[in-house]
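Down below is the structure, laid out as structure tokens.
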Amino acid sequence: MKNDGLKNQYKINDQIIARQVRIVGDNIESRVVPIKEALRIADEMELDLVEISPNAQTPVCKIVDYSKFLYQIKMKQKEQKKKQVVIDVKEIRFGPQTDDHDYNFKLKHAIGFLQEGNKVKAYVFFKGRSIVFKEQGEDILGRFSADLEEYGKLEQKPILEGKRMSIILAPKKLGGKKESADQSKEDAQKDAE
């Protein structure tokens, strides 16, 4: 029942209520015809009449095999989903008196996260009266962003939200994408010559 939302999205055959429609499709000349004639043409071709643009001045209907039409839409959506880039935000927590060993351990994790293409949100959590050590929190976050300068860029400077002081680091762009863009520019210049 995954396709139920997709199936109910389009009106087909007798569900179409417009008086006149513009018909389109493979091997069909685009023209405006009465709905009865459009249904007759679709029936002769043993295909379905699918309303693809109901809000147009004259609704647009496509003469196509409905199940094949749904399959093609599903494949396009799947392809678009593949091309989407999902960036996760990984959080790393420090205390105002975080030890060097703990700091280095968390730094290694942050390097790994940035190399995988994820953003890193590092924050210092102040418990109870430790809020008096705001400067130590700023120092830790400043040191953290400086140590990660090679792997990521600072997206948000240290801000204090309640008992949390946080920064956000975004991964640096990989050289491969830039090189491919430069390569495509060179190819375009060669084609122009």
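Chain lettering (A, B, ...) mirrors the order of the structure tokens, residue numbering begins at 1 for each chain separately, and ligand numbering begins at 1 in order of display.
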
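For Asn55 in chain A, the set of protein, DNA and RNA residues having any atom at most 12 Å away, when counting only C-alpha atoms and skipping those fewer than 6 positions along the same chain, is Ala18, Val21 and Cys61 of chain A.
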
Requested write-out: N, CA and C atoms of the selected residues, as a PDB file, in the first residue's frame:
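For reference, out_24.pdb as written:
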ATOM      1  N   ALA A  18     -13.554  17.917 -15.984  1.00  0.00           N
ATOM      2  CA  ALA A  18     -13.476  19.067 -16.895  1.00  0.00           C
ATOM      3  C   ALA A  18     -14.268  18.777 -18.168  1.00  0.00           C
ATOM      4  N   VAL A  21     -10.364  19.209 -22.395  1.00  0.00           N
ATOM      5  CA  VAL A  21      -8.996  18.963 -21.911  1.00  0.00           C
ATOM      6  C   VAL A  21      -8.020  19.065 -23.075  1.00  0.00           C
ATOM      7  N   CYS A  61      -4.287  16.508 -19.945  1.00  0.00           N
ATOM      8  CA  CYS A  61      -4.409  15.077 -19.696  1.00  0.00           C
ATOM      9  C   CYS A  61      -3.448  14.334 -20.611  1.00  0.00           C
TER      10      CYS A  61
END

(Q) When DSSP is applied to the backbone of this structure, which of range 94-130 of chain A are assigned strand (DSSP E)? Write them out as JSON, numbers by chain. (A) {"A": [94, 119, 120, 121, 122, 123, 124, 125]}

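Around Glu150 in chain A, within 10 Å and counting only C-alpha atoms, the residues found are Ile111, Ser145, Ala146, Pro171 and Lys172 of chain A, once anything fewer than 4 positions away on its own chain is removed.
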
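Minimum atom-to-atom distance to Ile87 in chain A, evaluated using only C-alpha atoms, belongs to A:Asn118 out of A:Asn118, A:Ser166, A:Gln156, A:Gln15.
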
Q) Among range 10-169 of chain A, which ones does DSSP place in alpha helix (DSSP H), written as a ChimeraX atom specification? A) /A:35-44,66-83,100-115,134-147

Q: Write out as an NGL selection string the residues lying within 8 Å of Gly25 in chain A, counting only C-alpha atoms and excluding same-chain residues fewer than 2 positions away.
A: :A and (23 or 27-30 or 62-64)

Q: Enter the distance from CA of Lys163 in chain A to CA of Arg93 in chain A, in Å, rounded to one decimal.
A: 12.3 Å

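Residues with any atom within 12 Å of Lys36 in chain A, counting only C-alpha atoms and excluding same-chain neighbours fewer than 2 positions away, are Asn13, Asp14, Ile16, Ile17, Ala18, Arg19, Gln20, Val21, Ile23, Val32, Val33, Pro34, Ala38, Leu39, Arg40, Ile41, Ala42, Asp43 and Leu49 of chain A.
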
Distance query Leu169 in chain A at most 12 Å, only C-alpha atoms, self and fewer than 4 positions along chain excluded, as a PDB file with all heavy atoms, in the first residue's frame:
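Writing the result to out-v1.pdb gives the following:
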ATOM      1  N   ASP A  88      24.446  15.277   8.645  1.00  0.00           N
ATOM      2  CA  ASP A  88      24.090  15.089  10.043  1.00  0.00           C
ATOM      3  C   ASP A  88      24.883  16.059  10.899  1.00  0.00           C
ATOM      4  O   ASP A  88      25.983  16.469  10.532  1.00  0.00           O
ATOM      5  CB  ASP A  88      24.409  13.666  10.505  1.00  0.00           C
ATOM      6  CG  ASP A  88      23.487  12.638   9.878  1.00  0.00           C
ATOM      7  OD1 ASP A  88      22.344  12.996   9.556  1.00  0.00           O
ATOM      8  OD2 ASP A  88      23.912  11.481   9.718  1.00  0.00           O
ATOM      9  N   VAL A  89      24.328  16.412  12.043  1.00  0.00           N
ATOM     10  CA  VAL A  89      25.036  17.245  13.006  1.00  0.00           C
ATOM     11  C   VAL A  89      25.385  16.351  14.183  1.00  0.00           C
ATOM     12  O   VAL A  89      24.507  15.833  14.867  1.00  0.00           O
ATOM     13  CB  VAL A  89      24.179  18.447  13.460  1.00  0.00           C
ATOM     14  CG1 VAL A  89      24.921  19.264  14.506  1.00  0.00           C
ATOM     15  CG2 VAL A  89      23.802  19.318  12.282  1.00  0.00           C
ATOM     16  N   LYS A  90      26.680  16.148  14.393  1.00  0.00           N
ATOM     17  CA  LYS A  90      27.150  15.334  15.514  1.00  0.00           C
ATOM     18  C   LYS A  90      27.506  16.262  16.674  1.00  0.00           C
ATOM     19  O   LYS A  90      28.113  17.314  16.467  1.00  0.00           O
ATOM     20  CB  LYS A  90      28.403  14.540  15.105  1.00  0.00           C
ATOM     21  CG  LYS A  90      28.206  13.666  13.879  1.00  0.00           C
ATOM     22  CD  LYS A  90      27.342  12.484  14.197  1.00  0.00           C
ATOM     23  CE  LYS A  90      27.281  11.550  13.004  1.00  0.00           C
ATOM     24  NZ  LYS A  90      26.601  10.327  13.285  1.00  0.00           N
ATOM     25  N   GLU A  91      27.119  15.870  17.867  1.00  0.00           N
ATOM     26  CA  GLU A  91      27.379  16.706  19.039  1.00  0.00           C
ATOM     27  C   GLU A  91      28.514  16.135  19.875  1.00  0.00           C
ATOM     28  O   GLU A  91      28.616  14.925  20.056  1.00  0.00           O
ATOM     29  CB  GLU A  91      26.122  16.835  19.895  1.00  0.00           C
ATOM     30  CG  GLU A  91      25.039  17.653  19.249  1.00  0.00           C
ATOM     31  CD  GLU A  91      23.895  17.995  20.203  1.00  0.00           C
ATOM     32  OE1 GLU A  91      23.926  17.548  21.370  1.00  0.00           O
ATOM     33  OE2 GLU A  91      22.982  18.712  19.771  1.00  0.00           O
ATOM     34  N   ILE A  92      29.348  17.045  20.373  1.00  0.00           N
ATOM     35  CA  ILE A  92      30.442  16.677  21.276  1.00  0.00           C
ATOM     36  C   ILE A  92      30.333  17.568  22.495  1.00  0.00           C
ATOM     37  O   ILE A  92      30.253  18.791  22.374  1.00  0.00           O
ATOM     38  CB  ILE A  92      31.816  16.836  20.587  1.00  0.00           C
ATOM     39  CG1 ILE A  92      31.889  15.858  19.417  1.00  0.00           C
ATOM     40  CG2 ILE A  92      32.940  16.627  21.572  1.00  0.00           C
ATOM     41  CD1 ILE A  92      33.179  15.890  18.658  1.00  0.00           C
ATOM     42  N   ALA A 110      35.829  14.224  16.402  1.00  0.00           N
ATOM     43  CA  ALA A 110      35.373  15.366  15.605  1.00  0.00           C
ATOM     44  C   ALA A 110      36.044  15.365  14.231  1.00  0.00           C
ATOM     45  O   ALA A 110      35.386  15.635  13.219  1.00  0.00           O
ATOM     46  CB  ALA A 110      35.670  16.672  16.332  1.00  0.00           C
ATOM     47  N   ILE A 111      37.326  15.018  14.185  1.00  0.00           N
ATOM     48  CA  ILE A 111      38.035  14.937  12.899  1.00  0.00           C
ATOM     49  C   ILE A 111      37.375  13.885  12.020  1.00  0.00           C
ATOM     50  O   ILE A 111      37.128  14.111  10.832  1.00  0.00           O
ATOM     51  CB  ILE A 111      39.537  14.631  13.123  1.00  0.00           C
ATOM     52  CG1 ILE A 111      40.230  15.845  13.741  1.00  0.00           C
ATOM     53  CG2 ILE A 111      40.213  14.235  11.810  1.00  0.00           C
ATOM     54  CD1 ILE A 111      41.655  15.578  14.218  1.00  0.00           C
ATOM     55  N   PHE A 113      34.253  12.827  12.176  1.00  0.00           N
ATOM     56  CA  PHE A 113      32.930  13.312  11.758  1.00  0.00           C
ATOM     57  C   PHE A 113      33.053  14.287  10.589  1.00  0.00           C
ATOM     58  O   PHE A 113      32.303  14.215   9.622  1.00  0.00           O
ATOM     59  CB  PHE A 113      32.196  13.994  12.916  1.00  0.00           C
ATOM     60  CG  PHE A 113      31.840  13.087  14.061  1.00  0.00           C
ATOM     61  CD1 PHE A 113      31.788  13.568  15.351  1.00  0.00           C
ATOM     62  CD2 PHE A 113      31.539  11.746  13.848  1.00  0.00           C
ATOM     63  CE1 PHE A 113      31.450  12.747  16.417  1.00  0.00           C
ATOM     64  CE2 PHE A 113      31.195  10.910  14.902  1.00  0.00           C
ATOM     65  CZ  PHE A 113      31.151  11.417  16.189  1.00  0.00           C
ATOM     66  N   LEU A 114      33.997  15.215  10.684  1.00  0.00           N
ATOM     67  CA  LEU A 114      34.169  16.213   9.625  1.00  0.00           C
ATOM     68  C   LEU A 114      34.642  15.571   8.326  1.00  0.00           C
ATOM     69  O   LEU A 114      34.221  15.970   7.243  1.00  0.00           O
ATOM     70  CB  LEU A 114      35.143  17.306  10.075  1.00  0.00           C
ATOM     71  CG  LEU A 114      34.611  18.246  11.156  1.00  0.00           C
ATOM     72  CD1 LEU A 114      35.725  19.116  11.708  1.00  0.00           C
ATOM     73  CD2 LEU A 114      33.477  19.105  10.628  1.00  0.00           C
ATOM     74  N   GLN A 115      35.499  14.566   8.425  1.00  0.00           N
ATOM     75  CA  GLN A 115      35.985  13.886   7.222  1.00  0.00           C
ATOM     76  C   GLN A 115      34.868  13.092   6.543  1.00  0.00           C
ATOM     77  O   GLN A 115      34.896  12.903   5.336  1.00  0.00           O
ATOM     78  CB  GLN A 115      37.162  12.972   7.555  1.00  0.00           C
ATOM     79  CG  GLN A 115      38.428  13.750   7.826  1.00  0.00           C
ATOM     80  CD  GLN A 115      39.595  12.863   8.252  1.00  0.00           C
ATOM     81  OE1 GLN A 115      39.405  11.753   8.754  1.00  0.00           O
ATOM     82  NE2 GLN A 115      40.795  13.373   8.072  1.00  0.00           N
ATOM     83  N   GLY A 117      31.931  14.204   6.338  1.00  0.00           N
ATOM     84  CA  GLY A 117      31.036  15.198   5.744  1.00  0.00           C
ATOM     85  C   GLY A 117      29.939  15.664   6.682  1.00  0.00           C
ATOM     86  O   GLY A 117      28.997  16.329   6.255  1.00  0.00           O
ATOM     87  N   ASN A 118      30.027  15.339   7.971  1.00  0.00           N
ATOM     88  CA  ASN A 118      29.024  15.755   8.943  1.00  0.00           C
ATOM     89  C   ASN A 118      29.438  17.064   9.609  1.00  0.00           C
ATOM     90  O   ASN A 118      30.625  17.361   9.724  1.00  0.00           O
ATOM     91  CB  ASN A 118      28.852  14.698  10.031  1.00  0.00           C
ATOM     92  CG  ASN A 118      28.365  13.389   9.474  1.00  0.00           C
ATOM     93  OD1 ASN A 118      27.465  13.346   8.658  1.00  0.00           O
ATOM     94  ND2 ASN A 118      28.979  12.306   9.904  1.00  0.00           N
ATOM     95  N   LYS A 119      28.452  17.821  10.072  1.00  0.00           N
ATOM     96  CA  LYS A 119      28.745  19.013  10.864  1.00  0.00           C
ATOM     97  C   LYS A 119      28.985  18.579  12.308  1.00  0.00           C
ATOM     98  O   LYS A 119      28.495  17.536  12.734  1.00  0.00           O
ATOM     99  CB  LYS A 119      27.571  19.989  10.827  1.00  0.00           C
ATOM    100  CG  LYS A 119      27.411  20.686   9.501  1.00  0.00           C
ATOM    101  CD  LYS A 119      26.326  21.737   9.596  1.00  0.00           C
ATOM    102  CE  LYS A 119      26.199  22.486   8.290  1.00  0.00           C
ATOM    103  NZ  LYS A 119      25.217  23.572   8.380  1.00  0.00           N
ATOM    104  N   VAL A 120      29.734  19.387  13.038  1.00  0.00           N
ATOM    105  CA  VAL A 120      30.014  19.086  14.439  1.00  0.00           C
ATOM    106  C   VAL A 120      29.555  20.265  15.289  1.00  0.00           C
ATOM    107  O   VAL A 120      29.927  21.407  15.028  1.00  0.00           O
ATOM    108  CB  VAL A 120      31.525  18.829  14.671  1.00  0.00           C
ATOM    109  CG1 VAL A 120      31.821  18.674  16.149  1.00  0.00           C
ATOM    110  CG2 VAL A 120      31.991  17.613  13.905  1.00  0.00           C
ATOM    111  N   LYS A 121      28.718  19.962  16.281  1.00  0.00           N
ATOM    112  CA  LYS A 121      28.309  20.970  17.247  1.00  0.00           C
ATOM    113  C   LYS A 121      29.005  20.614  18.550  1.00  0.00           C
ATOM    114  O   LYS A 121      28.702  19.594  19.161  1.00  0.00           O
ATOM    115  CB  LYS A 121      26.797  20.969  17.433  1.00  0.00           C
ATOM    116  CG  LYS A 121      26.319  22.012  18.432  1.00  0.00           C
ATOM    117  CD  LYS A 121      24.810  22.037  18.532  1.00  0.00           C
ATOM    118  CE  LYS A 121      24.375  23.148  19.460  1.00  0.00           C
ATOM    119  NZ  LYS A 121      22.911  23.259  19.495  1.00  0.00           N
ATOM    120  N   ALA A 122      29.953  21.454  18.944  1.00  0.00           N
ATOM    121  CA  ALA A 122      30.682  21.228  20.195  1.00  0.00           C
ATOM    122  C   ALA A 122      30.129  22.197  21.234  1.00  0.00           C
ATOM    123  O   ALA A 122      29.905  23.364  20.932  1.00  0.00           O
ATOM    124  CB  ALA A 122      32.166  21.470  19.988  1.00  0.00           C
ATOM    125  N   TYR A 123      29.891  21.677  22.429  1.00  0.00           N
ATOM    126  CA  TYR A 123      29.383  22.570  23.459  1.00  0.00           C
ATOM    127  C   TYR A 123      29.980  22.233  24.811  1.00  0.00           C
ATOM    128  O   TYR A 123      30.382  21.118  25.091  1.00  0.00           O
ATOM    129  CB  TYR A 123      27.850  22.540  23.516  1.00  0.00           C
ATOM    130  CG  TYR A 123      27.230  21.230  23.930  1.00  0.00           C
ATOM    131  CD1 TYR A 123      26.928  20.963  25.263  1.00  0.00           C
ATOM    132  CD2 TYR A 123      26.947  20.250  22.991  1.00  0.00           C
ATOM    133  CE1 TYR A 123      26.349  19.765  25.642  1.00  0.00           C
ATOM    134  CE2 TYR A 123      26.366  19.055  23.355  1.00  0.00           C
ATOM    135  CZ  TYR A 123      26.070  18.815  24.682  1.00  0.00           C
ATOM    136  OH  TYR A 123      25.509  17.628  25.054  1.00  0.00           O
ATOM    137  N   LEU A 141      36.478  25.897  23.597  1.00  0.00           N
ATOM    138  CA  LEU A 141      35.864  25.935  22.266  1.00  0.00           C
ATOM    139  C   LEU A 141      36.762  26.633  21.246  1.00  0.00           C
ATOM    140  O   LEU A 141      36.838  26.221  20.091  1.00  0.00           O
ATOM    141  CB  LEU A 141      34.488  26.606  22.333  1.00  0.00           C
ATOM    142  CG  LEU A 141      33.422  25.845  23.117  1.00  0.00           C
ATOM    143  CD1 LEU A 141      32.140  26.649  23.196  1.00  0.00           C
ATOM    144  CD2 LEU A 141      33.161  24.476  22.530  1.00  0.00           C
ATOM    145  N   GLY A 142      37.469  27.671  21.692  1.00  0.00           N
ATOM    146  CA  GLY A 142      38.409  28.356  20.797  1.00  0.00           C
ATOM    147  C   GLY A 142      39.557  27.441  20.392  1.00  0.00           C
ATOM    148  O   GLY A 142      39.946  27.390  19.216  1.00  0.00           O
ATOM    149  N   PHE A 144      39.447  24.183  20.414  1.00  0.00           N
ATOM    150  CA  PHE A 144      38.849  23.112  19.616  1.00  0.00           C
ATOM    151  C   PHE A 144      38.701  23.541  18.156  1.00  0.00           C
ATOM    152  O   PHE A 144      39.073  22.811  17.239  1.00  0.00           O
ATOM    153  CB  PHE A 144      37.489  22.751  20.223  1.00  0.00           C
ATOM    154  CG  PHE A 144      36.858  21.508  19.672  1.00  0.00           C
ATOM    155  CD1 PHE A 144      37.403  20.258  19.928  1.00  0.00           C
ATOM    156  CD2 PHE A 144      35.707  21.583  18.901  1.00  0.00           C
ATOM    157  CE1 PHE A 144      36.805  19.102  19.431  1.00  0.00           C
ATOM    158  CE2 PHE A 144      35.104  20.435  18.403  1.00  0.00           C
ATOM    159  CZ  PHE A 144      35.664  19.201  18.667  1.00  0.00           C
ATOM    160  N   SER A 145      38.166  24.751  17.931  1.00  0.00           N
ATOM    161  CA  SER A 145      37.988  25.225  16.546  1.00  0.00           C
ATOM    162  C   SER A 145      39.338  25.472  15.879  1.00  0.00           C
ATOM    163  O   SER A 145      39.489  25.229  14.682  1.00  0.00           O
ATOM    164  CB  SER A 145      37.118  26.475  16.505  1.00  0.00           C
ATOM    165  OG  SER A 145      37.758  27.552  17.139  1.00  0.00           O
ATOM    166  N   ALA A 146      40.337  25.923  16.635  1.00  0.00           N
ATOM    167  CA  ALA A 146      41.674  26.141  16.067  1.00  0.00           C
ATOM    168  C   ALA A 146      42.312  24.805  15.672  1.00  0.00           C
ATOM    169  O   ALA A 146      42.954  24.710  14.613  1.00  0.00           O
ATOM    170  CB  ALA A 146      42.560  26.878  17.061  1.00  0.00           C
ATOM    171  N   ASP A 147      42.133  23.778  16.508  1.00  0.00           N
ATOM    172  CA  ASP A 147      42.705  22.459  16.204  1.00  0.00           C
ATOM    173  C   ASP A 147      42.016  21.806  15.002  1.00  0.00           C
ATOM    174  O   ASP A 147      42.612  20.969  14.327  1.00  0.00           O
ATOM    175  CB  ASP A 147      42.599  21.531  17.428  1.00  0.00           C
ATOM    176  CG  ASP A 147      43.547  21.944  18.556  1.00  0.00           C
ATOM    177  OD1 ASP A 147      44.476  22.729  18.291  1.00  0.00           O
ATOM    178  OD2 ASP A 147      43.342  21.475  19.690  1.00  0.00           O
ATOM    179  N   LEU A 148      40.787  22.171  14.742  1.00  0.00           N
ATOM    180  CA  LEU A 148      40.036  21.572  13.628  1.00  0.00           C
ATOM    181  C   LEU A 148      40.026  22.458  12.384  1.00  0.00           C
ATOM    182  O   LEU A 148      39.315  22.162  11.425  1.00  0.00           O
ATOM    183  CB  LEU A 148      38.596  21.290  14.057  1.00  0.00           C
ATOM    184  CG  LEU A 148      38.425  20.171  15.069  1.00  0.00           C
ATOM    185  CD1 LEU A 148      36.986  20.100  15.550  1.00  0.00           C
ATOM    186  CD2 LEU A 148      38.832  18.835  14.476  1.00  0.00           C
ATOM    187  N   GLU A 149      40.810  23.518  12.389  1.00  0.00           N
ATOM    188  CA  GLU A 149      40.830  24.459  11.264  1.00  0.00           C
ATOM    189  C   GLU A 149      41.155  23.783   9.936  1.00  0.00           C
ATOM    190  O   GLU A 149      40.646  24.151   8.890  1.00  0.00           O
ATOM    191  CB  GLU A 149      41.857  25.560  11.549  1.00  0.00           C
ATOM    192  CG  GLU A 149      41.568  26.854  10.859  1.00  0.00           C
ATOM    193  CD  GLU A 149      42.469  27.948  11.377  1.00  0.00           C
ATOM    194  OE1 GLU A 149      42.186  28.491  12.458  1.00  0.00           O
ATOM    195  OE2 GLU A 149      43.454  28.240  10.685  1.00  0.00           O
ATOM    196  N   GLU A 150      41.994  22.763   9.978  1.00  0.00           N
ATOM    197  CA  GLU A 150      42.415  22.043   8.767  1.00  0.00           C
ATOM    198  C   GLU A 150      41.258  21.206   8.192  1.00  0.00           C
ATOM    199  O   GLU A 150      41.185  20.989   6.987  1.00  0.00           O
ATOM    200  CB  GLU A 150      43.587  21.118   9.115  1.00  0.00           C
ATOM    201  CG  GLU A 150      44.191  20.382   7.944  1.00  0.00           C
ATOM    202  CD  GLU A 150      45.330  19.478   8.374  1.00  0.00           C
ATOM    203  OE1 GLU A 150      46.056  19.817   9.329  1.00  0.00           O
ATOM    204  OE2 GLU A 150      45.488  18.420   7.747  1.00  0.00           O
ATOM    205  N   TYR A 151      40.342  20.741   9.032  1.00  0.00           N
ATOM    206  CA  TYR A 151      39.283  19.825   8.614  1.00  0.00           C
ATOM    207  C   TYR A 151      37.925  20.502   8.417  1.00  0.00           C
ATOM    208  O   TYR A 151      37.086  19.997   7.685  1.00  0.00           O
ATOM    209  CB  TYR A 151      39.130  18.704   9.648  1.00  0.00           C
ATOM    210  CG  TYR A 151      40.414  17.957   9.878  1.00  0.00           C
ATOM    211  CD1 TYR A 151      41.221  18.255  10.972  1.00  0.00           C
ATOM    212  CD2 TYR A 151      40.840  16.982   8.991  1.00  0.00           C
ATOM    213  CE1 TYR A 151      42.412  17.579  11.176  1.00  0.00           C
ATOM    214  CE2 TYR A 151      42.028  16.307   9.193  1.00  0.00           C
ATOM    215  CZ  TYR A 151      42.811  16.610  10.290  1.00  0.00           C
ATOM    216  OH  TYR A 151      43.987  15.947  10.481  1.00  0.00           O
ATOM    217  N   GLY A 152      37.703  21.606   9.124  1.00  0.00           N
ATOM    218  CA  GLY A 152      36.399  22.258   9.029  1.00  0.00           C
ATOM    219  C   GLY A 152      36.516  23.740   9.305  1.00  0.00           C
ATOM    220  O   GLY A 152      37.531  24.232   9.805  1.00  0.00           O
ATOM    221  N   LYS A 153      35.463  24.454   8.949  1.00  0.00           N
ATOM    222  CA  LYS A 153      35.455  25.898   9.185  1.00  0.00           C
ATOM    223  C   LYS A 153      34.398  26.234  10.222  1.00  0.00           C
ATOM    224  O   LYS A 153      33.356  25.572  10.300  1.00  0.00           O
ATOM    225  CB  LYS A 153      35.212  26.651   7.882  1.00  0.00           C
ATOM    226  CG  LYS A 153      33.874  26.367   7.239  1.00  0.00           C
ATOM    227  CD  LYS A 153      33.688  27.149   5.962  1.00  0.00           C
ATOM    228  CE  LYS A 153      32.308  26.818   5.419  1.00  0.00           C
ATOM    229  NZ  LYS A 153      32.258  26.529   4.056  1.00  0.00           N
ATOM    230  N   LEU A 154      34.659  27.260  10.990  1.00  0.00           N
ATOM    231  CA  LEU A 154      33.760  27.693  12.050  1.00  0.00           C
ATOM    232  C   LEU A 154      32.531  28.332  11.414  1.00  0.00           C
ATOM    233  O   LEU A 154      32.638  29.291  10.663  1.00  0.00           O
ATOM    234  CB  LEU A 154      34.471  28.686  12.973  1.00  0.00           C
ATOM    235  CG  LEU A 154      33.751  29.082  14.243  1.00  0.00           C
ATOM    236  CD1 LEU A 154      33.565  27.855  15.133  1.00  0.00           C
ATOM    237  CD2 LEU A 154      34.545  30.127  14.995  1.00  0.00           C
ATOM    238  N   GLU A 155      31.368  27.780  11.689  1.00  0.00           N
ATOM    239  CA  GLU A 155      30.129  28.282  11.112  1.00  0.00           C
ATOM    240  C   GLU A 155      29.402  29.193  12.096  1.00  0.00           C
ATOM    241  O   GLU A 155      28.714  30.112  11.694  1.00  0.00           O
ATOM    242  CB  GLU A 155      29.236  27.092  10.740  1.00  0.00           C
ATOM    243  CG  GLU A 155      28.186  27.410   9.731  1.00  0.00           C
ATOM    244  CD  GLU A 155      27.466  26.169   9.272  1.00  0.00           C
ATOM    245  OE1 GLU A 155      26.613  25.662  10.031  1.00  0.00           O
ATOM    246  OE2 GLU A 155      27.750  25.710   8.158  1.00  0.00           O
ATOM    247  N   GLN A 156      29.558  28.903  13.380  1.00  0.00           N
ATOM    248  CA  GLN A 156      28.900  29.704  14.402  1.00  0.00           C
ATOM    249  C   GLN A 156      29.873  29.925  15.549  1.00  0.00           C
ATOM    250  O   GLN A 156      30.403  28.973  16.105  1.00  0.00           O
ATOM    251  CB  GLN A 156      27.659  28.969  14.903  1.00  0.00           C
ATOM    252  CG  GLN A 156      26.951  29.651  16.039  1.00  0.00           C
ATOM    253  CD  GLN A 156      25.824  28.794  16.581  1.00  0.00           C
ATOM    254  OE1 GLN A 156      25.084  28.207  15.834  1.00  0.00           O
ATOM    255  NE2 GLN A 156      25.728  28.738  17.900  1.00  0.00           N
ATOM    256  N   LYS A 157      30.118  31.172  15.885  1.00  0.00           N
ATOM    257  CA  LYS A 157      31.031  31.506  16.982  1.00  0.00           C
ATOM    258  C   LYS A 157      30.400  31.089  18.310  1.00  0.00           C
ATOM    259  O   LYS A 157      29.198  30.866  18.381  1.00  0.00           O
ATOM    260  CB  LYS A 157      31.333  33.001  16.969  1.00  0.00           C
ATOM    261  CG  LYS A 157      32.137  33.411  15.750  1.00  0.00           C
ATOM    262  CD  LYS A 157      32.539  34.848  15.824  1.00  0.00           C
ATOM    263  CE  LYS A 157      33.397  35.165  14.603  1.00  0.00           C
ATOM    264  NZ  LYS A 157      33.897  36.520  14.625  1.00  0.00           N
ATOM    265  N   PRO A 158      31.207  31.014  19.384  1.00  0.00           N
ATOM    266  CA  PRO A 158      30.668  30.587  20.681  1.00  0.00           C
ATOM    267  C   PRO A 158      29.529  31.481  21.164  1.00  0.00           C
ATOM    268  O   PRO A 158      29.664  32.696  21.223  1.00  0.00           O
ATOM    269  CB  PRO A 158      31.862  30.695  21.631  1.00  0.00           C
ATOM    270  CG  PRO A 158      33.055  30.653  20.764  1.00  0.00           C
ATOM    271  CD  PRO A 158      32.646  31.239  19.457  1.00  0.00           C
TER     272      PRO A 158
END

Spatial neighbours of Phe133 in chain A, 12 Å, only C-alpha atoms, chain gap at least 2 places, as an mmCIF file with N, CA and C atoms, in the first residue's frame:
data_model
loop_
_atom_site.group_PDB
_atom_site.id
_atom_site.type_symbol
_atom_site.label_atom_id
_atom_site.label_comp_id
_atom_site.auth_asym_id
_atom_site.auth_seq_id
_atom_site.Cartn_x
_atom_site.Cartn_y
_atom_site.Cartn_z
ATOM 1 N N GLY A 95 33.088 19.640 29.477
ATOM 2 C CA GLY A 95 32.837 20.332 30.734
ATOM 3 C C GLY A 95 33.832 21.476 30.812
ATOM 4 N N PRO A 96 33.630 22.437 31.702
ATOM 5 C CA PRO A 96 34.566 23.568 31.774
ATOM 6 C C PRO A 96 35.977 23.153 32.192
ATOM 7 N N GLN A 97 36.127 22.031 32.916
ATOM 8 C CA GLN A 97 37.453 21.558 33.319
ATOM 9 C C GLN A 97 37.799 20.246 32.621
ATOM 10 N N THR A 98 37.543 20.141 31.323
ATOM 11 C CA THR A 98 37.843 18.918 30.582
ATOM 12 C C THR A 98 39.348 18.697 30.537
ATOM 13 N N VAL A 124 30.065 23.281 25.634
ATOM 14 C CA VAL A 124 30.516 23.147 27.015
ATOM 15 C C VAL A 124 29.265 23.288 27.868
ATOM 16 N N PHE A 125 29.027 22.270 28.711
ATOM 17 C CA PHE A 125 27.850 22.277 29.581
ATOM 18 C C PHE A 125 28.279 22.692 30.978
ATOM 19 N N PHE A 126 27.649 23.730 31.494
ATOM 20 C CA PHE A 126 27.981 24.234 32.823
ATOM 21 C C PHE A 126 26.955 23.712 33.821
ATOM 22 N N LYS A 127 27.449 22.915 34.808
ATOM 23 C CA LYS A 127 26.572 22.372 35.846
ATOM 24 C C LYS A 127 26.630 23.276 37.065
ATOM 25 N N GLY A 128 25.488 23.518 37.620
ATOM 26 C CA GLY A 128 25.430 24.258 38.887
ATOM 27 C C GLY A 128 26.179 25.572 38.843
ATOM 28 N N ARG A 129 27.137 25.709 39.759
ATOM 29 C CA ARG A 129 27.887 26.958 39.863
ATOM 30 C C ARG A 129 29.051 27.046 38.886
ATOM 31 N N SER A 130 29.261 26.041 38.086
ATOM 32 C CA SER A 130 30.382 26.077 37.148
ATOM 33 C C SER A 130 30.180 27.116 36.050
ATOM 34 N N ILE A 131 29.008 27.770 36.033
ATOM 35 C CA ILE A 131 28.733 28.821 35.053
ATOM 36 C C ILE A 131 29.694 29.998 35.236
ATOM 37 N N GLU A 135 34.857 31.751 30.891
ATOM 38 C CA GLU A 135 36.100 31.984 30.144
ATOM 39 C C GLU A 135 36.773 30.657 29.791
ATOM 40 N N GLN A 136 36.743 29.699 30.743
ATOM 41 C CA GLN A 136 37.335 28.386 30.458
ATOM 42 C C GLN A 136 36.574 27.684 29.335
ATOM 43 N N GLY A 137 35.271 27.840 29.325
ATOM 44 C CA GLY A 137 34.461 27.263 28.253
ATOM 45 C C GLY A 137 34.816 27.871 26.908
ATOM 46 N N GLU A 138 34.951 29.207 26.878
ATOM 47 C CA GLU A 138 35.339 29.878 25.634
ATOM 48 C C GLU A 138 36.712 29.423 25.172
ATOM 49 N N ASP A 139 37.640 29.259 26.131
ATOM 50 C CA ASP A 139 38.994 28.812 25.790
ATOM 51 C C ASP A 139 38.973 27.413 25.167
ATOM 52 N N ILE A 140 38.195 26.511 25.753
ATOM 53 C CA ILE A 140 38.116 25.139 25.228
ATOM 54 C C ILE A 140 37.557 25.151 23.813
ATOM 55 N N LYS A 163 22.665 27.096 29.952
ATOM 56 C CA LYS A 163 23.874 26.563 30.579
ATOM 57 C C LYS A 163 24.802 25.895 29.562
ATOM 58 N N ARG A 164 24.590 26.184 28.282
ATOM 59 C CA ARG A 164 25.420 25.614 27.216
ATOM 60 C C ARG A 164 26.086 26.719 26.418
ATOM 61 N N MET A 165 27.371 26.559 26.184
ATOM 62 C CA MET A 165 28.080 27.443 25.270
ATOM 63 C C MET A 165 28.486 26.567 24.093
#
